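J.: So here's run16.txt, just compact mmCIF, C-alpha atoms:
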# COMPACT_ATOMS: atom_id res chain seq x y z
CA MET U 1 2.92 18.75 -14.26
CA ILE U 2 -0.77 19.02 -15.09
CA PRO U 3 -2.64 20.63 -12.21
CA THR U 4 -5.47 18.36 -11.16
CA PRO U 5 -7.88 18.48 -8.25
CA GLN U 6 -6.10 15.43 -6.95
CA ALA U 7 -2.70 17.10 -7.14
CA ALA U 8 -4.05 20.20 -5.43
CA SER U 9 -5.62 18.27 -2.59
CA ARG U 10 -2.58 16.09 -2.19
CA GLU U 11 -0.32 18.47 -0.33
CA PRO U 12 -2.41 19.21 2.77
CA ARG U 13 -3.12 15.50 3.11
CA ALA U 14 0.56 14.74 2.77
CA GLU U 15 1.20 17.20 5.60
CA ALA U 16 -1.42 15.54 7.77
CA VAL U 17 0.12 12.13 7.19
CA ARG U 18 3.65 13.30 7.90
CA ALA U 19 2.70 15.40 10.91
CA ALA U 20 0.54 12.69 12.42
CA PRO U 21 3.03 10.84 14.65
CA THR U 22 4.34 13.99 16.32
CA SER U 23 1.20 16.17 16.52
CA PRO U 24 0.48 16.94 20.17
CA GLY U 25 -2.54 15.82 22.09
CA THR U 26 -4.66 12.73 22.03
CA VAL U 27 -8.32 12.29 22.70
CA VAL U 28 -9.61 9.66 25.07
CA LEU U 29 -12.84 7.92 24.26
CA CYS U 30 -14.64 4.74 25.18
CA ILE U 31 -15.26 2.07 22.54
CA ASP U 32 -17.27 -0.98 23.63
CA GLY U 33 -16.37 -0.28 27.24
CA ARG U 34 -12.67 0.02 26.53
CA THR U 35 -10.66 3.20 26.96
CA VAL U 36 -9.09 4.08 23.63
CA ARG U 37 -6.63 6.84 22.88
CA ALA U 38 -6.61 8.36 19.41
CA ARG U 39 -5.12 11.33 17.63
CA PRO U 40 -7.56 14.17 17.07
CA GLY U 41 -9.06 13.89 13.61
CA THR U 42 -8.84 10.10 13.47
CA SER U 43 -12.09 8.45 12.44
CA LEU U 44 -13.89 6.12 14.83
CA LEU U 45 -13.22 3.29 12.37
CA GLU U 46 -9.46 3.87 12.51
CA ALA U 47 -9.44 4.43 16.27
CA ALA U 48 -11.35 1.19 16.85
CA GLY U 49 -9.15 -0.69 14.37
CA ALA U 50 -6.00 0.51 16.13
CA ALA U 51 -7.44 -0.79 19.41
CA GLY U 52 -8.16 -4.17 17.82
CA ILE U 53 -11.93 -3.67 17.57
CA GLU U 54 -13.04 -4.65 14.07
CA ILE U 55 -15.94 -2.80 12.49
CA PRO U 56 -17.13 -4.29 9.19
CA THR U 57 -16.80 -2.04 6.16
CA LEU U 58 -16.80 -2.45 2.40
CA CYS U 59 -16.16 1.05 1.06
CA HIS U 60 -13.28 2.27 3.23
CA HIS U 61 -9.63 2.44 2.27
CA GLU U 62 -7.05 4.19 4.38
CA GLY U 63 -5.45 5.85 1.38
CA LEU U 64 -8.71 7.42 0.17
CA GLU U 65 -11.01 10.04 1.64
CA PRO U 66 -13.74 8.47 3.79
CA TYR U 67 -16.97 8.09 1.82
CA GLY U 68 -19.67 6.59 4.01
CA GLY U 69 -21.12 4.70 1.07
CA CYS U 70 -21.77 1.16 2.27
CA ARG U 71 -23.13 2.15 5.71
CA LEU U 72 -21.93 -1.14 7.17
CA CYS U 73 -19.71 0.61 9.69
CA VAL U 74 -22.67 2.19 11.52
CA VAL U 75 -22.07 2.54 15.27
CA ASP U 76 -23.93 4.12 18.16
CA VAL U 77 -22.28 7.14 19.75
CA SER U 78 -23.45 8.84 22.90
CA ARG U 79 -22.60 11.49 25.43
CA GLU U 80 -24.19 12.01 28.80
CA ALA U 81 -25.83 15.25 27.68
CA TRP U 82 -27.46 13.60 24.65
CA GLY U 83 -29.75 11.13 26.30
CA GLU U 84 -30.45 8.81 23.39
CA PRO U 85 -27.43 7.47 21.46
CA ARG U 86 -27.05 8.59 17.86
CA MET U 87 -26.22 6.34 14.96
CA VAL U 88 -23.32 7.43 12.77
CA THR U 89 -20.94 5.89 10.23
CA ALA U 90 -17.64 5.13 11.95
CA CYS U 91 -15.59 5.96 8.85
CA LEU U 92 -16.82 9.56 8.79
CA TYR U 93 -17.29 10.38 12.47
CA PRO U 94 -14.16 11.73 14.18
CA ALA U 95 -12.88 10.40 17.49
CA GLU U 96 -13.85 12.97 20.11
CA GLU U 97 -12.91 13.43 23.74
CA GLY U 98 -15.30 11.68 26.12
CA LEU U 99 -17.38 9.97 23.43
CA SER U 100 -18.90 6.57 24.13
CA VAL U 101 -19.04 4.28 21.10
CA PHE U 102 -20.94 1.00 20.78
CA THR U 103 -19.90 -1.02 17.74
CA ALA U 104 -22.14 -4.04 18.32
CA SER U 105 -25.22 -2.94 20.24
CA GLU U 106 -28.55 -4.61 19.42
CA ARG U 107 -29.66 -1.55 17.48
CA VAL U 108 -26.41 -1.38 15.50
CA LEU U 109 -26.47 -5.08 14.66
CA ALA U 110 -30.10 -4.85 13.53
CA VAL U 111 -29.29 -1.98 11.14
CA ARG U 112 -26.19 -3.78 9.89
CA ARG U 113 -28.23 -6.91 9.19
CA GLU U 114 -30.80 -4.83 7.32
CA ILE U 115 -28.06 -3.32 5.13
CA LEU U 116 -26.62 -6.76 4.49
CA GLU U 117 -30.04 -8.09 3.50
CA LEU U 118 -30.33 -5.28 0.96
CA LEU U 119 -26.81 -5.93 -0.33
CA LEU U 120 -27.54 -9.65 -0.54
CA ALA U 121 -30.72 -9.00 -2.51
CA ARG U 122 -28.74 -6.83 -4.93
CA CYS U 123 -25.68 -9.10 -5.16
CA PRO U 124 -27.01 -12.63 -4.41
CA GLU U 125 -24.06 -14.30 -6.13
CA SER U 126 -21.19 -12.33 -4.67
CA PRO U 127 -19.06 -14.56 -2.42
CA PRO U 128 -17.75 -11.74 -0.17
CA ILE U 129 -21.27 -10.37 0.38
CA ARG U 130 -22.65 -13.84 1.09
CA ARG U 131 -19.85 -14.51 3.53
CA LEU U 132 -20.37 -11.22 5.35
CA ALA U 133 -24.12 -11.84 5.47
CA ARG U 134 -23.57 -15.34 6.84
CA GLU U 135 -21.29 -13.94 9.55
CA HIS U 136 -24.24 -11.80 10.60
CA GLY U 137 -26.62 -14.75 10.58
CA ILE U 138 -28.27 -14.07 7.22
CA VAL U 139 -28.62 -16.93 4.74
CA GLU U 140 -31.39 -15.56 2.52
CA SER U 141 -32.35 -11.95 2.05
CA GLY U 142 -35.87 -10.96 3.07
CA TYR U 143 -35.97 -8.63 0.07
CA ARG U 144 -36.83 -9.62 -3.49
CA ARG U 145 -33.83 -11.04 -5.27
CA ASN U 146 -32.35 -8.76 -7.93
CA PRO U 147 -33.59 -10.08 -11.32
CA GLU U 148 -30.28 -8.94 -12.84
CA PRO U 149 -27.72 -10.06 -10.27
CA THR U 150 -24.59 -7.95 -10.11
CA ASP U 151 -21.52 -7.95 -7.92
CA CYS U 152 -21.20 -4.16 -7.85
CA ILE U 153 -22.26 -2.61 -4.55
CA LEU U 154 -21.70 0.97 -5.79
CA CYS U 155 -19.19 1.65 -3.03
CA GLY U 156 -17.24 3.95 -5.33
CA LEU U 157 -13.83 2.61 -4.29
CA CYS U 158 -12.83 2.13 -7.96
CA THR U 159 -13.92 5.58 -9.10
CA ARG U 160 -12.42 7.32 -6.07
CA LEU U 161 -9.15 5.46 -6.56
CA CYS U 162 -9.09 6.30 -10.27
CA ASP U 163 -9.59 9.97 -9.35
CA GLN U 164 -6.83 9.79 -6.74
CA LEU U 165 -4.40 8.14 -9.15
CA GLY U 166 -5.13 10.79 -11.76
CA PRO U 167 -6.72 9.29 -14.88
CA ALA U 168 -10.32 9.65 -13.60
CA ALA U 169 -11.37 7.33 -16.41
CA ILE U 170 -14.50 5.91 -14.77
CA SER U 171 -17.25 7.34 -12.63
CA LEU U 172 -20.56 6.55 -11.00
CA VAL U 173 -23.27 7.40 -13.50
CA GLY U 174 -27.08 7.36 -13.51
CA ARG U 175 -29.48 7.60 -10.58
CA GLY U 176 -31.56 5.32 -8.46
CA ILE U 177 -31.76 1.77 -9.76
CA GLY U 178 -29.91 2.86 -12.92
CA ARG U 179 -26.78 3.90 -11.00
CA GLU U 180 -23.62 2.13 -12.08
CA VAL U 181 -19.87 2.44 -12.49
CA ALA U 182 -19.04 3.16 -16.11
CA PRO U 183 -16.66 4.93 -18.45
CA PRO U 184 -18.01 8.05 -20.21
CA PHE U 185 -20.87 7.22 -22.61
CA HIS U 186 -20.29 3.53 -21.90
CA GLU U 187 -17.50 3.55 -24.44
CA PRO U 188 -13.92 2.36 -23.97
CA PRO U 189 -12.50 5.13 -21.76
CA PRO U 190 -9.88 7.28 -23.48
CA ASP U 191 -8.29 8.30 -20.16
CA CYS U 192 -7.79 4.78 -18.85
CA ILE U 193 -4.16 3.68 -18.60
CA GLY U 194 -4.83 0.00 -17.90
CA CYS U 195 -3.27 -0.01 -14.43
CA LEU U 196 -5.98 -2.37 -13.09
CA ALA U 197 -6.07 -0.53 -9.77
CA CYS U 198 -9.88 -0.33 -9.96
CA ALA U 199 -10.13 -4.10 -10.28
CA ALA U 200 -7.61 -4.64 -7.50
CA ILE U 201 -9.43 -2.44 -4.99
CA CYS U 202 -12.97 -3.69 -5.79
CA PRO U 203 -14.20 -5.45 -2.64
CA THR U 204 -16.37 -7.89 -4.58
CA GLY U 205 -14.20 -8.56 -7.64
CA HIS U 206 -16.87 -7.14 -9.95
CA ILE U 207 -14.49 -5.42 -12.39
CA ARG U 208 -13.38 -7.88 -15.03
CA PHE U 209 -10.02 -7.74 -16.76
CA SER U 210 -7.57 -10.02 -18.46
CA VAL U 211 -3.81 -9.94 -18.62
CA SER U 212 -1.89 -11.85 -21.24
CA ASP U 213 1.52 -11.53 -22.78
CA SER U 214 0.11 -9.44 -25.58
CA GLY U 215 -1.86 -6.98 -23.51
CA THR U 216 -4.04 -5.94 -20.63
CA THR U 217 -7.77 -5.73 -21.34
CA ILE U 218 -10.16 -3.75 -19.13
CA TRP U 219 -13.23 -1.54 -19.71
CA GLY U 220 -13.33 -2.68 -23.34
CA ARG U 221 -9.85 -1.47 -24.13
CA THR U 222 -6.67 -3.44 -24.69
CA PHE U 223 -3.39 -1.91 -23.63
CA ALA U 224 -0.04 -2.97 -25.03
CA ARG U 225 2.30 -4.12 -22.29
CA LEU U 226 5.71 -2.58 -22.18
CA ARG U 227 8.66 -4.94 -22.11
CA CYS U 228 11.81 -4.36 -20.12
CA PRO U 229 14.37 -3.39 -22.79
CA THR U 230 16.96 -5.63 -21.14
CA CYS U 231 15.16 -8.87 -20.27
CA GLY U 232 11.86 -8.57 -22.12
CA ARG U 233 9.66 -9.15 -19.08
CA SER U 234 6.52 -7.02 -19.10
CA HIS U 235 5.43 -5.21 -15.96
CA LEU U 236 3.51 -2.04 -16.87
CA THR U 237 1.37 -0.97 -19.79
CA ALA U 238 2.83 1.52 -22.25
CA ALA U 239 0.02 3.94 -21.33
CA GLU U 240 1.02 3.76 -17.67
CA VAL U 241 4.62 4.62 -18.46
CA ASP U 242 3.51 7.54 -20.68
CA PHE U 243 1.17 8.80 -17.97
CA TRP U 244 3.63 8.69 -15.08
CA ALA U 245 6.65 9.85 -17.08
CA ALA U 246 4.67 12.97 -18.04
CA ARG U 247 3.34 13.60 -14.53
CA THR U 248 6.33 12.99 -12.32
CA GLN U 249 10.04 13.69 -12.22
CA VAL U 250 10.77 9.97 -12.44
CA ALA U 251 12.95 9.14 -15.45
CA ARG U 252 11.24 7.27 -18.25
CA ALA U 253 14.16 4.85 -18.51
CA ASP U 254 13.63 3.85 -14.86
CA LEU U 255 9.91 3.20 -15.42
CA GLU U 256 10.59 1.03 -18.44
CA ARG U 257 13.11 -1.35 -16.90
CA CYS U 258 12.12 -4.16 -14.56
CA ASP U 259 13.34 -4.29 -10.98
CA ALA U 260 15.70 -7.24 -11.48
CA CYS U 261 17.51 -5.57 -14.39
CA LYS U 262 17.81 -2.31 -12.46
CA ARG U 263 19.27 -4.27 -9.55
CA ALA U 264 21.83 -5.88 -11.85
CA VAL U 265 22.91 -2.44 -13.07
CA THR U 266 23.13 -1.13 -9.48
CA ALA U 267 25.29 -4.11 -8.51
CA GLU U 268 27.56 -3.57 -11.53
CA THR U 269 27.98 0.08 -10.63
CA ILE U 270 28.84 -0.70 -7.01
CA ALA U 271 31.33 -3.38 -8.08
CA ARG U 272 32.97 -1.00 -10.57
CA LEU U 273 33.23 1.82 -8.04
CA THR U 274 34.72 -0.58 -5.49
CA ALA U 275 37.29 -1.88 -7.98
CA ALA U 276 38.20 1.70 -8.85
CA GLY U 277 38.75 2.39 -5.16
CA MET Z 1 23.02 10.42 14.38
CA GLU Z 2 22.09 9.11 10.96
CA GLN Z 3 23.24 5.58 10.31
CA ILE Z 4 23.73 4.10 6.86
CA PHE Z 5 24.56 0.75 5.33
CA ARG Z 6 28.10 0.24 4.16
CA VAL Z 7 28.61 -2.59 1.70
CA SER Z 8 32.18 -3.83 1.29
CA VAL Z 9 31.82 -5.79 -1.93
CA GLU Z 10 35.29 -7.35 -1.64
CA ARG Z 11 34.22 -9.07 1.60
CA CYS Z 12 30.92 -10.56 0.39
CA ILE Z 13 31.07 -14.31 -0.17
CA ALA Z 14 27.48 -14.54 -1.45
CA CYS Z 15 26.47 -16.88 1.38
CA GLY Z 16 22.94 -15.42 1.57
CA LYS Z 17 22.85 -15.21 5.38
CA CYS Z 18 21.60 -11.63 5.14
CA GLU Z 19 18.71 -12.77 2.93
CA LEU Z 20 17.75 -15.50 5.38
CA ALA Z 21 18.01 -13.22 8.41
CA CYS Z 22 15.75 -10.72 6.65
CA ALA Z 23 13.24 -13.34 5.58
CA PHE Z 24 13.03 -14.72 9.11
CA SER Z 25 12.76 -11.37 10.82
CA HIS Z 26 9.90 -10.31 8.56
CA GLY Z 27 7.81 -13.31 9.46
CA ARG Z 28 7.42 -15.15 6.18
CA ASP Z 29 8.74 -18.54 7.31
CA GLY Z 30 12.30 -17.69 6.29
CA LEU Z 31 11.66 -18.03 2.58
CA PRO Z 32 14.51 -16.19 0.84
CA ALA Z 33 12.01 -15.06 -1.80
CA ALA Z 34 10.43 -12.84 0.86
CA SER Z 35 13.73 -11.22 1.76
CA ARG Z 36 14.06 -7.47 1.39
CA ILE Z 37 17.78 -7.67 0.82
CA ARG Z 38 19.00 -9.38 -2.33
CA VAL Z 39 22.49 -10.61 -3.09
CA VAL Z 40 23.22 -10.11 -6.77
CA ARG Z 41 25.47 -13.10 -7.34
CA GLN Z 42 28.48 -12.93 -9.62
CA GLY Z 43 29.95 -16.40 -9.53
CA SER Z 44 29.68 -18.80 -6.61
CA GLU Z 45 31.54 -16.80 -3.98
CA ARG Z 46 31.11 -13.26 -5.09
CA GLY Z 47 28.05 -11.17 -4.55
CA ILE Z 48 26.78 -7.68 -4.03
CA PRO Z 49 24.13 -7.36 -1.32
CA LEU Z 50 21.55 -4.78 -2.29
CA THR Z 51 18.70 -3.32 -0.31
CA CYS Z 52 16.74 -0.08 -0.17
CA LEU Z 53 19.09 2.91 0.03
CA GLN Z 54 16.45 4.97 1.91
CA CYS Z 55 17.11 7.85 -0.54
CA HIS Z 56 16.66 11.36 0.84
CA ASP Z 57 14.74 12.50 -2.23
CA ALA Z 58 13.20 9.13 -3.03
CA ALA Z 59 11.55 8.40 -6.36
CA CYS Z 60 9.20 5.86 -4.73
CA VAL Z 61 7.91 8.47 -2.26
CA ALA Z 62 7.53 11.03 -5.02
CA ILE Z 63 5.53 8.76 -7.32
CA CYS Z 64 3.29 6.96 -4.80
CA PRO Z 65 -0.19 8.33 -5.52
CA MET Z 66 -1.56 6.92 -2.25
CA LEU Z 67 1.02 8.52 0.08
CA ALA Z 68 1.72 5.00 1.31
CA LEU Z 69 5.45 5.66 1.50
CA SER Z 70 6.77 8.06 4.11
CA ARG Z 71 9.87 8.65 6.18
CA ASP Z 72 9.79 7.08 9.62
CA PRO Z 73 11.06 9.80 11.97
CA GLN Z 74 12.46 7.26 14.43
CA SER Z 75 14.47 4.95 12.16
CA GLY Z 76 14.94 7.30 9.21
CA ALA Z 77 13.70 4.55 6.90
CA VAL Z 78 11.21 5.08 4.09
CA ARG Z 79 8.31 3.04 5.40
CA LEU Z 80 5.55 1.38 3.40
CA SER Z 81 2.07 1.45 4.88
CA GLU Z 82 0.41 -1.82 3.87
CA THR Z 83 -3.04 -0.40 4.56
CA ARG Z 84 -2.58 2.65 2.32
CA CYS Z 85 -0.91 0.69 -0.50
CA VAL Z 86 -3.14 -0.27 -3.44
CA ARG Z 87 -0.56 -2.58 -5.03
CA CYS Z 88 -0.19 -0.46 -8.16
CA GLY Z 89 3.51 -1.27 -8.44
CA LEU Z 90 4.53 2.27 -9.36
CA CYS Z 91 7.20 2.37 -6.66
CA VAL Z 92 8.76 -0.75 -8.17
CA ALA Z 93 8.80 0.95 -11.55
CA ALA Z 94 10.09 4.23 -10.17
CA CYS Z 95 12.99 2.98 -8.03
CA PRO Z 96 16.11 3.64 -10.13
CA PHE Z 97 18.07 0.99 -8.22
CA GLY Z 98 15.58 -1.87 -8.42
CA ASN Z 99 15.33 -2.11 -4.66
CA MET Z 100 11.55 -2.16 -4.36
CA LEU Z 101 10.75 -5.84 -4.51
CA PRO Z 102 7.44 -6.99 -6.00
CA GLU Z 103 5.90 -10.10 -4.48
CA LYS Z 104 3.17 -12.39 -5.74
CA GLY Z 105 -0.23 -10.74 -5.66
CA GLY Z 106 1.16 -7.26 -6.18
CA ARG Z 107 2.50 -6.73 -2.68
CA VAL Z 108 5.76 -4.85 -2.46
CA ALA Z 109 8.51 -5.64 0.03
CA LYS Z 110 10.96 -2.99 1.06
CA CYS Z 111 13.64 -2.63 3.70
CA ASP Z 112 12.43 -0.82 6.83
CA LEU Z 113 15.81 -1.03 8.60
CA CYS Z 114 14.02 -3.28 11.12
CA GLY Z 115 13.04 -0.14 13.01
CA GLY Z 116 16.66 1.08 13.28
CA THR Z 117 18.74 -2.05 13.86
CA PRO Z 118 18.81 -4.13 10.67
CA ARG Z 119 18.80 -7.85 11.45
CA CYS Z 120 20.84 -8.74 8.36
CA VAL Z 121 23.96 -6.94 9.65
CA PRO Z 122 24.89 -9.13 12.65
CA PHE Z 123 24.41 -12.25 10.53
CA CYS Z 124 26.97 -11.25 7.90
CA PRO Z 125 29.97 -13.51 8.67
CA THR Z 126 32.48 -11.33 6.85
CA ALA Z 127 31.22 -7.88 7.82
CA ALA Z 128 30.53 -7.08 4.20
CA LEU Z 129 27.36 -5.47 5.50
CA GLU Z 130 27.74 -2.83 8.16
CA PHE Z 131 25.33 -0.30 9.58
CA LEU Z 132 27.32 2.69 10.78
CA PRO Z 133 27.01 6.35 11.61
CA ALA Z 134 27.27 8.16 8.29
CA GLU Z 135 30.57 9.97 8.89
CA LEU Z 136 32.26 6.80 10.16
CA ALA Z 137 31.05 4.81 7.17
CA LEU Z 138 32.58 7.29 4.77
CA ARG Z 139 36.04 7.04 6.37
CA GLY Z 140 36.98 3.71 4.82
CA PRO Z 141 37.07 0.17 6.14
CA ASP Z 142 39.92 0.50 8.64
CA ALA Z 143 38.62 3.53 10.48
CA CYS Z 144 36.02 1.50 12.29
CA ARG Z 145 37.68 -1.87 12.71
CA PRO Z 146 36.61 -2.22 16.39
CA GLN Z 147 32.96 -2.08 15.37
CA ASP Z 148 33.32 -5.03 13.00
CA THR Z 149 31.87 -7.64 15.30
CA PRO Z 150 30.06 -10.11 13.10
CA LEU Z 151 27.97 -12.82 14.71
CA THR Z 152 29.90 -16.04 14.13
What does this structure look like when you write it as structure tokens?

T.:
Amino acid sequence: MIPTPQAASREPRAEAVRAAPTSPGTVVLCIDGRTVRARPGTSLLEAAGAAGIEIPTLCHHEGLEPYGGCRLCVVDVSREAWGEPRMVTACLYPAEEGLSVFTASERVLAVRREILELLLARCPESPPIRRLAREHGIVESGYRRNPEPTDCILCGLCTRLCDQLGPAAISLVGRGIGREVAPPFHEPPPDCIGCLACAAICPTGHIRFSVSDSGTTIWGRTFARLRCPTCGRSHLTAAEVDFWAARTQVARADLERCDACKRAVTAETIARLTAAG
Amino acid sequence: MEQIFRVSVERCIACGKCELACAFSHGRDGLPAASRIRVVRQGSERGIPLTCLQCHDAACVAICPMLALSRDPQSGAVRLSETRCVRCGLCVAACPFGNMLPEKGGRVAKCDLCGGTPRCVPFCPTAALEFLPAELALRGPDACRPQDTPLT
């Protein structure tokens, strides 16, 4: 197996996930006036979500490291000793004992509306952004409309997911107004395996792709689709099978066959073993 | 005590009650397509019910790059976290038995043992499906006759 940063960082996180339900101790905090119990280390976003309090977010995914990119999940936190409440991103701030959290105070809503106005100016044609803005009472952005409308909000979900999966074929490049998600040198990325995970996780549907019988096209590359040797149905790209067969212990033959054909073989085997007693 | 499924193929009449029970208990309007147990039919009255074997060293758990699959300490089932899953379909490709079931839109359905008491079992009219303590299940069909109490 090729050692990658992702592979190295995977084990401690795996431990955290597995140990989570049994780890001792909970912290008690107050979110919007409600007493909420959470495991130490949980983010405010997750703690609130578990208690049924929704905080809007565009760049968070439970399977990825928190990023704090979209800033939509800003909340006020306060302690008695602090005096003034402090504004933090709920996805990055951990649930702490005795903390008071306000997810929809006037100040928080004003900041959230400001962020949405900026996002709406950048992505005036994106349906999810428009919907979110409308939910916050914004129809038109007060900022100048982006002369080159885009749907990308630079949340980095696609690049972080691609890193986590392993190929790391795309990244955020450039600075300031030139920042964008792109493959190296804006050329078809050699490391891409055509899994379409980046397109699937994109909150605004900005990443374009096409899937046909002949192949999957994304980032300017077309990937041949592998056909199940038994029934001919295609389910993965050949590059995906190569990638995962090389990286994991999973047998290549298993990756190549479709689920229905594997089930048929399993059923045959069980029937044969039963007949044999 | 660890409990496992025992499938007695010679008893299965391919009626599909297990599929319906599963589809209903997982809240998708009872559509058999949403069932996490599948009867592989061989003729009109012969079938082999198949569902996740909850492998100890599971290929799906090993391959999942999002750590969305993990063992539930209570039920012993390999559980899929919908919120961690990114619908990449690798678990479907990795499962050597074909028991990870892809749905429309990339979602994957898998057996979670209904938290420890699988709903499909009591609905099997011929006790082709049983959920038994492991050592009892291995002893053969007659060893546990008193426990065969199908819902009729």

J.: What are the closest atom pairs, with distances in Å to one decimal, for each residue of chain U lying within 6 Å of chain Z, using all atoms listed in the file, rows by chain and rising residue number, as a tab-separated table?

T.:
residue	atom	partner	partner_atom	distance
U:Glu62	CA	Z:Arg84	CA	5.2
U:Gly63	CA	Z:Arg84	CA	4.4
U:Leu165	CA	Z:Pro65	CA	5.6
U:Asp254	CA	Z:Pro96	CA	5.3
U:Leu255	CA	Z:Ala93	CA	4.6
U:Asp259	CA	Z:Gly98	CA	4.2
U:Lys262	CA	Z:Gly98	CA	4.6
U:Arg263	CA	Z:Gly98	CA	4.5
U:Thr266	CA	Z:Phe97	CA	5.6
U:Ala267	CA	Z:Ile48	CA	5.9

J.: Could you please give me, as a PyMOL selection string, the residues of protein, DNA or RNA lying at most 9 Å from (24.0, 11.3, 11.3) in the coordinate frame of the file, considering all atoms listed in the file?

T.: chain Z and resi 1-4+133-135

J.: Leaving out U:Ala51 and any residue of its chain fewer than 2 positions from it, which residues lie within 12 Å of it when counting all atoms listed in the file, given as a ChimeraX atom specification?

T.: /U:29-38,44-49,53-55

J.: Could you please take those selected residues and save C-alpha atoms as a PDB file, in the coordinates of the input?

T.:
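The result, stored in again_39.pdb:
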ATOM      1  CA  LEU U  29     -12.840   7.920  24.260  1.00  0.00           C
ATOM      2  CA  CYS U  30     -14.640   4.740  25.180  1.00  0.00           C
ATOM      3  CA  ILE U  31     -15.260   2.070  22.540  1.00  0.00           C
ATOM      4  CA  ASP U  32     -17.270  -0.980  23.630  1.00  0.00           C
ATOM      5  CA  GLY U  33     -16.370  -0.280  27.240  1.00  0.00           C
ATOM      6  CA  ARG U  34     -12.670   0.020  26.530  1.00  0.00           C
ATOM      7  CA  THR U  35     -10.660   3.200  26.960  1.00  0.00           C
ATOM      8  CA  VAL U  36      -9.090   4.080  23.630  1.00  0.00           C
ATOM      9  CA  ARG U  37      -6.630   6.840  22.880  1.00  0.00           C
ATOM     10  CA  ALA U  38      -6.610   8.360  19.410  1.00  0.00           C
ATOM     11  CA  LEU U  44     -13.890   6.120  14.830  1.00  0.00           C
ATOM     12  CA  LEU U  45     -13.220   3.290  12.370  1.00  0.00           C
ATOM     13  CA  GLU U  46      -9.460   3.870  12.510  1.00  0.00           C
ATOM     14  CA  ALA U  47      -9.440   4.430  16.270  1.00  0.00           C
ATOM     15  CA  ALA U  48     -11.350   1.190  16.850  1.00  0.00           C
ATOM     16  CA  GLY U  49      -9.150  -0.690  14.370  1.00  0.00           C
ATOM     17  CA  ILE U  53     -11.930  -3.670  17.570  1.00  0.00           C
ATOM     18  CA  GLU U  54     -13.040  -4.650  14.070  1.00  0.00           C
ATOM     19  CA  ILE U  55     -15.940  -2.800  12.490  1.00  0.00           C
TER      20      ILE U  55
END

J.: Please list as a list in words every residue within 12 Å of U:Val77, counting only C-alpha atoms and excluding residues in the same chain fewer than 5 positions away.

T.: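 Those residues are Leu29, Cys30, Ile31, Asp32, Leu44, Trp82, Gly83, Glu84, Pro85, Arg86, Met87, Val88, Thr89, Ala90, Tyr93, Pro94, Ala95, Glu96, Glu97, Gly98, Leu99, Ser100, Val101, Phe102, Thr103, Ala104, Ser105, Arg107 and Val108 of chain U.
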
J.: Given all atoms listed in the file as the basis, pick out the residue of U:Arg160, U:Arg112, U:Arg122, U:Arg257 nearest to U:Asp76.

T.: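 Among the listed residues, the smallest separation from U:Asp76 belongs to U:Arg112.
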
J.: Could you tell me how far atom CA of U:Arg208 sits from atom CA of U:Pro188, in Å to one decimal place?

T.: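 So the two atoms, atom CA of U:Pro188 and atom CA of U:Arg208, lie 13.6 Å apart.
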
J.: Write out as a VMD selection string each polymer residue whose atoms come within 8 Å of U:Tyr67, counting all atoms listed in the file; drop sequence neighbours fewer than 6 positions from it.

T.: chain U and resid 59 to 60 91 to 92

J.: When you draw a straight line from atom CA of U:Ile129 to atom CA of U:Ile218, how long is it in Å?

T.: 23.4 Å

J.: Could you tell me how far atom CA of U:Pro149 lies from atom CA of U:Ala110, in Å and to one decimal?

T.: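 Interatomic distance here is 24.5 Å.
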
J.: Quick one: residues within 8 Å of (35.9, -8.2, 4.8) (file frame), counting all atoms listed in the file, please, as a list in words.

T.: Ser8, Glu10, Arg11, Cys12, Thr126, Ala127 and Ala128 of chain Z
